[in-house]
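S.K.: Sharing a structure here in structure tokens format.
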Amino acid sequence: MSVQLSMKPYTIDDAPLNKFHLKITALTFGANFSDGYALGIIGMALSLIGPQMNLSPIWSGLIGSSALIGIFFGSLLLGGLSDRIGRQKIFLANFVVIAIASFLQFFVQDPMTLFILRILIGVALGGDYAIGSTLLAEFAPRKNRGFLLSFLCVMWTVGYVVSNLVGYYLLKTGPDSWRWMLASAAIPAVIVLLMRIGTPESPRWLISKGRVEEARGIVKKYIGSQAELDETRLDHSAKTYRFQDLFGKQLWKRTAFGSLFYVCQVIPYFAIYTFLPDILARMGFEETFLMDTFLNLFLLVGSIAGLWFTEKYSRRSFTINTFIVLTISLLVLTLLPAGSHIAAITIFCLFTVVMAAASNLTLIYPAELYPTEIRGSGVGVVTAVSRVGSAVGTFLLPVTVSSMGLTPSMIGMTIVLLIGTIVSIAWAPETKSLALDDTIHYH
């Protein structure tokens, strides 16, 4: 009986998890680790760059948000391009740019040059956000799709935490240690670049372009000898999508939900944790580095816990409930009286764990919202909108804190989370149990 079952044909959606699935997941980790590392290390580096270059709050905000600005353009432009020329080429080229631009940060002499280099890093990372999660989703079996995609968020958090540890170690080496901090991002980028050589094209994309035999060959080689394409659902002649269809009658609600849910997650995440040492100092904590490291470890705990929550709960319930907890906990944290350090750190830890766990959804939902023909564009738009919000939030936080104080700034973040709660209750779909190409039919 077991021999007969093993010889039974299966589709990509129902394929057993194999070594290739783990490899393509590991290769996609690269962007998330590098993004977490790049965004984490800049917070530490700015503490040295600011005094050395006499940065104003405006320049600190611009450099702190520069990679996020680049991610906006990269995810929007390269995500759409991947629907036209394929996933694999851009998947490889992104890390050529990241490696070179990261290395060149070592030699910068002025804030404008650093800003431009980090924009370029962000462009490549943005393209990889759109294309990496798309490529992984198009290879992943349905029952493992959520787990594999959410693991990308874990690696973002690992990159972020590692950057803080590296930054703290390098901080002791002198006033120019920020150059080594920023240039160190080239090391993981080169490793990822070398590992990605030989990555196959998405068979779902190939068949959407009518290249059925190429798609069939990739499926047989990488998914299994008994694997086959469900060509009735992937019929490339059945439906042609254009970019503007993302905002048309059939797809506008998906685009609106994906964009708003994502942006309401990342605005408080990036703003708060990019400037966490300053926020902790304003809250009255003296050992800000120790507290920063402590909370970063809770980010890692939360992202790992999110893997279990992703498997345990539906997409919709997980999204709504985490937004509710985040909104209430940040409001309570903001309104605590001065000197309530034990209560403050307890609530901050809860907020951190839930925020990290919920962030796993940002790399699951977008890829499940759109059909293959326009998935890269859709994920790109959703990611781009999220990075506009996170860039604005990261830019404005040091400005508003210095001009208005911490409490009004944190209340603003709470309002953002409340909007995310309302949007999720109104529009969050359930996509967990659907085959990837069936997500077009959910209501």
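Residue numbering restarts at 1 for every chain of the structure tokens, chains are lettered A, B, ... in their displayed order, and ligands are numbered from 1 as they appear.
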Per residue of stretch 93-187 of chain A within 8 Å of stretch 192-208 of chain A, note the shortest atom pair and the distance in Å to one decimal, counting only C-alpha atoms, and order the rows by chain and increasing residue number, as a tab-separated table.
M.R.:
```
residue	atom	partner	partner_atom	distance
A:Phe95	CA	A:Leu193	CA	5.4
A:Val96	CA	A:Leu193	CA	6.7
A:Leu135	CA	A:Ser202	CA	6.2
A:Glu138	CA	A:Arg204	CA	6.4
A:Phe139	CA	A:Ser202	CA	7.0
```
S.K.: Taking all heavy atoms for each residue, export the selection above as an mmCIF file, in the first residue's frame.
M.R.:
```cif
data_model
loop_
_atom_site.group_PDB
_atom_site.id
_atom_site.type_symbol
_atom_site.label_atom_id
_atom_site.label_comp_id
_atom_site.auth_asym_id
_atom_site.auth_seq_id
_atom_site.Cartn_x
_atom_site.Cartn_y
_atom_site.Cartn_z
ATOM 1 N N PHE A 95 20.805 40.843 -4.941
ATOM 2 C CA PHE A 95 21.885 40.763 -3.964
ATOM 3 C C PHE A 95 23.234 41.197 -4.521
ATOM 4 O O PHE A 95 24.171 41.412 -3.748
ATOM 5 C CB PHE A 95 21.920 39.374 -3.320
ATOM 6 C CG PHE A 95 21.074 39.326 -2.086
ATOM 7 C CD1 PHE A 95 19.706 39.151 -2.179
ATOM 8 C CD2 PHE A 95 21.630 39.535 -0.844
ATOM 9 C CE1 PHE A 95 18.914 39.162 -1.045
ATOM 10 C CE2 PHE A 95 20.848 39.541 0.302
ATOM 11 C CZ PHE A 95 19.486 39.354 0.198
ATOM 12 N N VAL A 96 23.345 41.353 -5.811
ATOM 13 C CA VAL A 96 24.527 42.010 -6.371
ATOM 14 C C VAL A 96 24.545 43.466 -5.907
ATOM 15 O O VAL A 96 25.568 43.987 -5.437
ATOM 16 C CB VAL A 96 24.523 41.933 -7.912
ATOM 17 C CG1 VAL A 96 25.689 42.726 -8.484
ATOM 18 C CG2 VAL A 96 24.573 40.487 -8.383
ATOM 19 N N LEU A 135 8.037 33.885 -4.910
ATOM 20 C CA LEU A 135 8.675 32.660 -5.417
ATOM 21 C C LEU A 135 8.502 31.516 -4.427
ATOM 22 O O LEU A 135 8.170 30.386 -4.814
ATOM 23 C CB LEU A 135 10.162 32.927 -5.674
ATOM 24 C CG LEU A 135 10.960 31.809 -6.341
ATOM 25 C CD1 LEU A 135 10.444 31.531 -7.749
ATOM 26 C CD2 LEU A 135 12.448 32.164 -6.391
ATOM 27 N N GLU A 138 4.962 30.210 -4.440
ATOM 28 C CA GLU A 138 4.625 29.483 -5.659
ATOM 29 C C GLU A 138 5.252 28.098 -5.719
ATOM 30 O O GLU A 138 4.848 27.265 -6.528
ATOM 31 C CB GLU A 138 5.008 30.329 -6.875
ATOM 32 C CG GLU A 138 4.109 31.551 -7.012
ATOM 33 C CD GLU A 138 4.473 32.488 -8.138
ATOM 34 O OE1 GLU A 138 5.563 32.330 -8.734
ATOM 35 O OE2 GLU A 138 3.671 33.392 -8.427
ATOM 36 N N PHE A 139 6.211 27.828 -4.869
ATOM 37 C CA PHE A 139 6.789 26.489 -4.758
ATOM 38 C C PHE A 139 6.235 25.710 -3.562
ATOM 39 O O PHE A 139 6.211 24.484 -3.571
ATOM 40 C CB PHE A 139 8.310 26.571 -4.622
ATOM 41 C CG PHE A 139 9.066 26.601 -5.920
ATOM 42 C CD1 PHE A 139 9.772 27.729 -6.299
ATOM 43 C CD2 PHE A 139 9.073 25.501 -6.770
ATOM 44 C CE1 PHE A 139 10.478 27.762 -7.488
ATOM 45 C CE2 PHE A 139 9.774 25.524 -7.973
ATOM 46 C CZ PHE A 139 10.479 26.663 -8.331
#
```
S.K.: Can you tell me which residues surround A:Ala271 at a distance of at most 12 Å, considering only C-alpha atoms, apart from same-chain residues fewer than 2 positions away, and format the answer as a count of residues only?
M.R.: 40
S.K.: For each of A:Met404, A:Val166, A:Leu46, A:Leu326, take the minimum atom-to-atom distance to A:Thr293, counting only C-alpha atoms, then give the residue where this is smallest.
M.R.: A:Val166
S.K.: Quick one: residues within 8 Å of A:Val382, only C-alpha atoms counted, chain neighbours fewer than 6 positions away excluded, as an NGL selection string?
M.R.: :A and (255 or 258-259 or 262 or 366)
S.K.: Hey, which of A:Met112, A:Ala428, A:Val385, A:Leu406 ends up closest to A:Arg315? Count only C-alpha atoms.
M.R.: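 Closest to A:Arg315, using only C-alpha atoms: A:Ala428.
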S.K.: Kindly give the distance, in Å, that separates atom CA of A:Asn32 and atom CA of A:Leu125, rounded to a single decimal.
M.R.: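 Computing it gives 8.2 Å between the two atoms.
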S.K.: For A:Ile12, which residue out of A:Ala227, A:Ala130, A:Ala137, A:Leu114 is the nearest one, using only C-alpha atoms?
M.R.: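 Once distances to A:Ile12 are computed over only C-alpha atoms, the minimum belongs to A:Ala227.
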S.K.: Quick one: residues within 12 Å of stretch 176-179 of chain A, only C-alpha atoms counted, chain neighbours fewer than 2 positions away excluded, as a ChimeraX atom specification?
M.R.: /A:41-53,102-109,114,163,166-174,181-186
S.K.: When you look at A:Ser34 with a cut-off of 7 Å (counting only C-alpha atoms), what residues show up, excluding the ones that are within fewer than 2 positions of it in the same chain? I need them as a count of residues only.
M.R.: 10
S.K.: What gap, in Å, lies between atom CA of A:Pro16 and atom CA of A:Cys153?
M.R.: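 One can read the atom CA of A:Pro16 to atom CA of A:Cys153 distance as 22.9 Å.
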S.K.: Which residue out of A:Gln88, A:Gln226, A:Ser403, A:Ser314 has the minimum interatomic distance to A:Thr28 when only C-alpha atoms are used?
M.R.: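 Closest to A:Thr28, using only C-alpha atoms: A:Gln88.
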S.K.: Any idea what the distance is between atom CA of A:Ile411 and atom CA of A:Leu331?
M.R.: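 Here the two named atoms are 6.8 Å from each other.
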S.K.: Could you pull the residues within 10 Å of A:Arg375, counting only C-alpha atoms, minus those fewer than 4 positions along the same chain, as a PyMOL selection string?
M.R.: chain A and resi 79-80+82-83+130-131+134-135+137-138+205+241+246+366-371+379-381
S.K.: May I have the residues within 12 Å of A:Gln244 as a PyMOL selection string, using only C-alpha atoms and disregarding those fewer than 3 positions away in the same chain?
M.R.: chain A and resi 80+240-241+247-252+255+374+377-378+381
S.K.: Taking the DSSP secondary structure from the backbone, can you list the residues of stretch 153-255 of chain A that are helix (DSSP H, G or I), as an MDAnalysis selection string?
M.R.: chainID A and resid 153:171 177:183 186:196 203:208 212:223 243:247 252:255
S.K.: I need the residue nearest A:Val219 from this list: A:Lys8, A:Lys432, A:His21, A:His341. Use only C-alpha atoms for the distance.
M.R.: A:His21
